[in-house]
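> Got a structure for you, entry22.txt, holding compact mmCIF, C-alpha atoms.
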# COMPACT_ATOMS: atom_id res chain seq x y z
CA MET A 1 50.84 85.19 40.02
CA THR A 2 51.34 87.99 42.52
CA GLY A 3 47.92 89.29 41.74
CA PHE A 4 46.42 85.88 42.50
CA PHE A 5 47.89 85.84 46.08
CA ILE A 6 46.87 89.41 46.71
CA GLY A 7 43.38 88.70 45.49
CA THR A 8 42.91 85.56 47.63
CA LEU A 9 44.55 87.03 50.75
CA ASP A 10 42.00 88.97 52.73
CA PHE A 11 43.89 91.45 54.91
CA THR A 12 40.87 92.18 57.06
CA LYS A 13 40.47 88.52 58.09
CA ALA A 14 44.21 88.18 58.67
CA ILE A 15 44.26 91.22 60.92
CA ALA A 16 41.20 89.92 62.80
CA VAL A 17 42.82 86.49 63.34
CA LEU A 18 46.10 88.10 64.41
CA SER A 19 44.20 90.38 66.82
CA LEU A 20 42.41 87.32 68.26
CA PHE A 21 45.73 85.52 68.92
CA ILE A 22 47.22 88.64 70.50
CA SER A 23 44.11 89.03 72.71
CA ILE A 24 44.29 85.38 73.83
CA ALA A 25 48.02 85.76 74.56
CA SER A 26 47.37 88.98 76.52
CA LEU A 27 44.57 87.31 78.52
CA SER A 28 46.81 84.31 79.30
CA LEU A 29 49.64 86.59 80.39
CA GLY A 30 47.22 88.63 82.53
CA LEU A 31 45.91 85.45 84.22
CA VAL A 32 49.45 84.26 84.92
CA ASN A 33 50.35 87.68 86.40
CA ALA A 34 47.18 87.67 88.52
CA TYR A 35 48.02 84.18 89.85
CA ILE A 36 51.60 85.24 90.69
CA ALA A 37 50.31 88.39 92.43
CA TRP A 38 47.80 86.29 94.43
CA GLN A 39 50.57 83.86 95.49
CA ASN A 40 52.81 86.78 96.50
CA ARG A 41 50.00 88.30 98.54
CA ASN A 42 49.37 85.00 100.34
CA LEU A 43 53.09 84.65 101.06
CA ALA A 44 53.24 88.21 102.42
CA LEU A 45 50.20 87.55 104.64
CA ARG A 46 51.77 84.35 106.01
CA GLN A 47 55.05 86.16 106.69
CA ASP A 48 53.16 88.98 108.42
CA ALA A 49 51.25 86.46 110.54
CA ARG A 50 54.53 84.86 111.64
CA LYS A 51 55.77 88.26 112.85
CA ARG A 52 52.74 88.82 115.10
CA PRO A 53 53.64 87.97 118.69
CA ALA A 54 51.78 84.97 120.08
CA LEU A 55 52.41 82.55 122.91
CA THR A 56 51.16 78.96 123.09
CA CYS A 57 50.97 77.47 126.58
CA TYR A 58 50.73 73.89 127.80
CA LEU A 59 50.08 72.59 131.29
CA SER A 60 52.10 69.49 132.24
CA HIS A 61 51.23 69.01 135.92
CA GLY A 62 49.09 70.70 138.53
CA PHE A 63 49.24 70.07 142.29
CA HIS A 64 47.64 71.62 145.35
CA LYS A 65 48.21 71.16 149.05
CA THR A 66 46.43 72.61 152.08
CA ASP A 67 48.30 73.32 155.31
CA GLU A 68 48.33 75.94 158.07
CA SER A 69 49.59 78.68 155.72
CA GLY A 70 46.73 78.19 153.25
CA ARG A 71 46.16 76.33 150.02
CA ALA A 72 49.21 76.24 147.78
CA PHE A 73 49.05 75.51 144.04
CA SER A 74 51.97 74.53 141.81
CA LEU A 75 51.63 74.24 138.03
CA LEU A 76 54.31 73.06 135.60
CA VAL A 77 53.86 74.98 132.34
CA GLN A 78 55.57 75.16 128.96
CA VAL A 79 55.35 78.40 127.00
CA ARG A 80 56.17 78.29 123.29
CA ASN A 81 56.73 81.26 121.00
CA PRO A 82 56.01 80.15 117.39
CA SER A 83 56.35 83.67 115.95
CA ASP A 84 59.36 85.44 114.43
CA SER A 85 59.20 88.14 117.15
CA ASN A 86 60.62 87.93 120.66
CA ASN A 87 58.05 87.97 123.45
CA ALA A 88 57.79 87.49 127.20
CA VAL A 89 55.42 86.19 129.84
CA ALA A 90 54.53 89.32 131.78
CA ASP A 91 52.05 87.91 134.29
CA ALA A 92 50.26 84.73 135.34
CA GLU A 93 47.09 84.31 137.38
CA LEU A 94 45.29 81.24 138.63
CA VAL A 95 41.53 81.74 138.34
CA ILE A 96 39.54 79.56 140.74
CA ARG A 97 35.78 79.19 140.37
CA TYR A 98 34.05 77.97 143.53
CA LEU A 99 30.59 77.70 145.05
CA THR A 100 29.73 79.45 148.31
CA SER A 101 27.55 77.84 150.95
CA GLU A 102 24.63 79.76 149.40
CA ARG A 103 25.42 78.04 146.03
CA VAL A 104 26.66 81.27 144.43
CA LEU A 105 29.43 80.83 141.86
CA MET A 106 32.40 83.05 142.72
CA THR A 107 35.72 83.70 141.02
CA LEU A 108 39.05 84.16 142.78
CA LYS A 109 42.19 85.34 140.96
CA LEU A 110 45.54 84.50 142.52
CA PRO A 111 48.74 86.14 141.21
CA ALA A 112 51.86 84.03 140.78
CA THR A 113 54.14 84.19 143.81
CA ARG A 114 57.77 83.32 144.40
CA ASP A 115 57.52 82.46 148.09
CA GLY A 116 55.05 80.78 150.38
CA ALA A 117 53.86 78.26 147.82
CA GLY A 118 55.15 75.35 145.88
CA GLY A 119 57.91 74.11 148.14
CA PHE A 120 56.03 70.92 148.77
CA VAL A 121 56.71 69.15 145.46
CA ARG A 122 60.19 67.70 145.13
CA GLY A 123 62.08 68.74 142.00
CA GLN A 124 60.49 72.18 141.75
CA VAL A 125 63.76 74.02 141.38
CA ASP A 126 62.82 75.23 137.89
CA VAL A 127 60.60 78.15 138.88
CA LEU A 128 59.35 80.28 136.00
CA SER A 129 60.35 83.75 137.26
CA LEU A 130 58.08 86.45 135.89
CA PRO A 131 58.58 88.30 133.67
CA ALA A 132 60.13 85.49 131.60
CA LYS A 133 61.65 86.11 128.17
CA VAL A 134 60.51 83.79 125.37
CA PRO A 135 62.69 84.34 122.28
CA ALA A 136 61.34 83.71 118.79
CA HIS A 137 60.80 80.00 118.05
CA GLU A 138 61.83 78.99 121.58
CA ILE A 139 60.20 77.23 124.54
CA VAL A 140 60.56 78.02 128.23
CA SER A 141 59.18 75.88 131.02
CA GLY A 142 59.00 75.97 134.77
CA TRP A 143 56.77 75.88 137.83
CA LEU A 144 54.32 78.65 138.67
CA HIS A 145 53.24 78.90 142.32
CA PHE A 146 50.10 80.42 143.79
CA LEU A 147 48.89 80.76 147.38
CA ALA A 148 45.36 81.28 148.70
CA PRO A 149 44.79 82.30 152.36
CA GLU A 150 43.79 79.41 154.63
CA ASP A 151 40.17 80.46 155.31
CA LEU A 152 39.37 81.70 151.79
CA LEU A 153 38.70 78.31 150.19
CA LEU A 154 37.95 76.36 153.36
CA GLY A 155 34.84 74.24 152.87
CA ARG A 156 34.25 75.58 149.34
CA VAL A 157 33.29 73.38 146.41
CA ILE A 158 35.77 74.06 143.60
CA ASP A 159 34.06 74.31 140.21
CA GLY A 160 37.22 74.65 138.10
CA TYR A 161 40.59 76.25 137.51
CA ASP A 162 41.94 78.41 134.68
CA LEU A 163 45.51 79.54 134.24
CA GLU A 164 45.72 82.95 132.54
CA ILE A 165 49.09 83.85 131.06
CA THR A 166 49.54 87.42 129.79
CA ASP A 167 52.35 88.41 127.42
CA THR A 168 54.02 91.81 127.09
CA HIS A 169 51.48 92.83 124.43
CA GLU A 170 48.65 92.16 126.93
CA ALA A 171 47.40 89.17 124.94
CA LYS A 172 45.97 86.52 127.27
CA THR A 173 46.29 82.76 126.85
CA ILE A 174 43.92 80.67 128.98
CA ILE A 175 44.63 77.06 129.93
CA LYS A 176 41.97 74.90 131.56
CA ALA A 177 43.71 73.44 134.61
CA ASN A 178 40.94 71.14 135.76
CA LEU A 179 43.28 68.18 136.36
CA MET A 180 44.62 69.56 139.62
CA GLN A 181 45.89 66.76 141.90
CA GLU A 182 46.19 66.89 145.65
CA TYR A 183 49.83 66.46 146.60
CA ARG A 184 50.69 63.80 149.16
CA ASP A 185 54.27 63.23 150.25
CA GLU A 186 54.32 59.52 150.96
CA VAL A 187 57.98 59.54 152.01
CA SER A 188 57.80 62.17 154.73
CA SER A 189 54.45 61.05 156.17
CA PRO A 190 54.72 58.86 159.29
CA GLN A 191 54.74 55.13 158.63
CA ILE A 192 52.83 52.67 160.79
CA HIS A 193 54.92 49.63 161.65
CA GLU A 194 53.27 46.47 162.82
CA ASP A 195 55.14 44.40 165.38
Would you mind giving the structure from this file in structure tokens?


Amino acid sequence: MTGFFIGTLDFTKAIAVLSLFISIASLSLGLVNAYIAWQNRNLALRQDARKRPALTCYLSHGFHKTDESGRAFSLLVQVRNPSDSNNAVADAELVIRYLTSERVLMTLKLPATRDGAGGFVRGQVDVLSLPAKVPAHEIVSGWLHFLAPEDLLLGRVIDGYDLEITDTHEAKTIIKANLMQEYRDEVSSPQIHED
């Protein structure tokens, strides 16, 4: 009886079938390991991207007013830091594009100022003093003020405004500030009474 089983059992085929199953199992295990390694790499890349400093800026309001001292601009901004690293707003500039009388497009950059601008809008006590720290996953907000000399923009056609915010890593964020409103203080202006 033992001779019958040995005669019908082909060791070569059995070893070939066993080798096939081991190869399929090895391939499956290799594919699973490759998938896990790919997922780990993607996770590491996402974590690395979260560590890179980046600021996101939003413009809430923009006002301008012209008087004897010049043209003053006040912008209410929110600066968000979505990264895992602390950052700061190092500098802010208002870029004004205007046309000269000869129809030449010019660019004027105004640095943020603490005095001489922005006192005209009530409730502007929250001035964003530069440099301004923006901790990780936090938001800071406040008014930025800019002042242009009186004769610089007199009679000029304004083409547009950009607010450039620079962080401590010298990365610039540009906000289109084309919704600039002229400020009018209706309360302090003289009223005409009819008798």

> Could you work out how far atom CA of Ala112 of chain A lies from atom CA of Val157 of chain A, giving the answer in Å with one decimal?

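Atom CA of Ala112 of chain A lies at a distance of 22.1 Å from atom CA of Val157 of chain A.
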
> As a ChimeraX atom specification, please: the residues near Val104 of chain A (cut-off 12 Å, only C-alpha atoms, same-chain neighbours under 3 positions excluded).

/A:97-101,107,156-159

> What gap, in Å, lies between atom CA of Asp84 of chain A and atom CA of Lys176 of chain A?

26.6 Å

> So how far away is atom CA of Leu144 of chain A from atom CA of Val77 of chain A, in Å?

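Distance reported for this atom pair: 7.3 Å.
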
> Do a neighbour search on Pro149 of chain A at 8 Å with only C-alpha atoms, toss out local chain neighbours closer than 4 positions, and write the hits as a ChimeraX atom specification.

/A:69-71,153

> Nearest residue to His137 of chain A out of A:Ile15, A:Leu29, A:Leu55, A:Ala34, using all atoms listed in the file?

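The shortest atom-to-atom distance to His137 of chain A comes from A:Leu55.
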
> If we count all atoms listed in the file, what is near Asp126 of chain A at a cut-off of 10 Å, once residues fewer than 3 positions away on the same chain are taken out, given as a PyMOL selection string?

chain A and resi 76+123+129+141-144
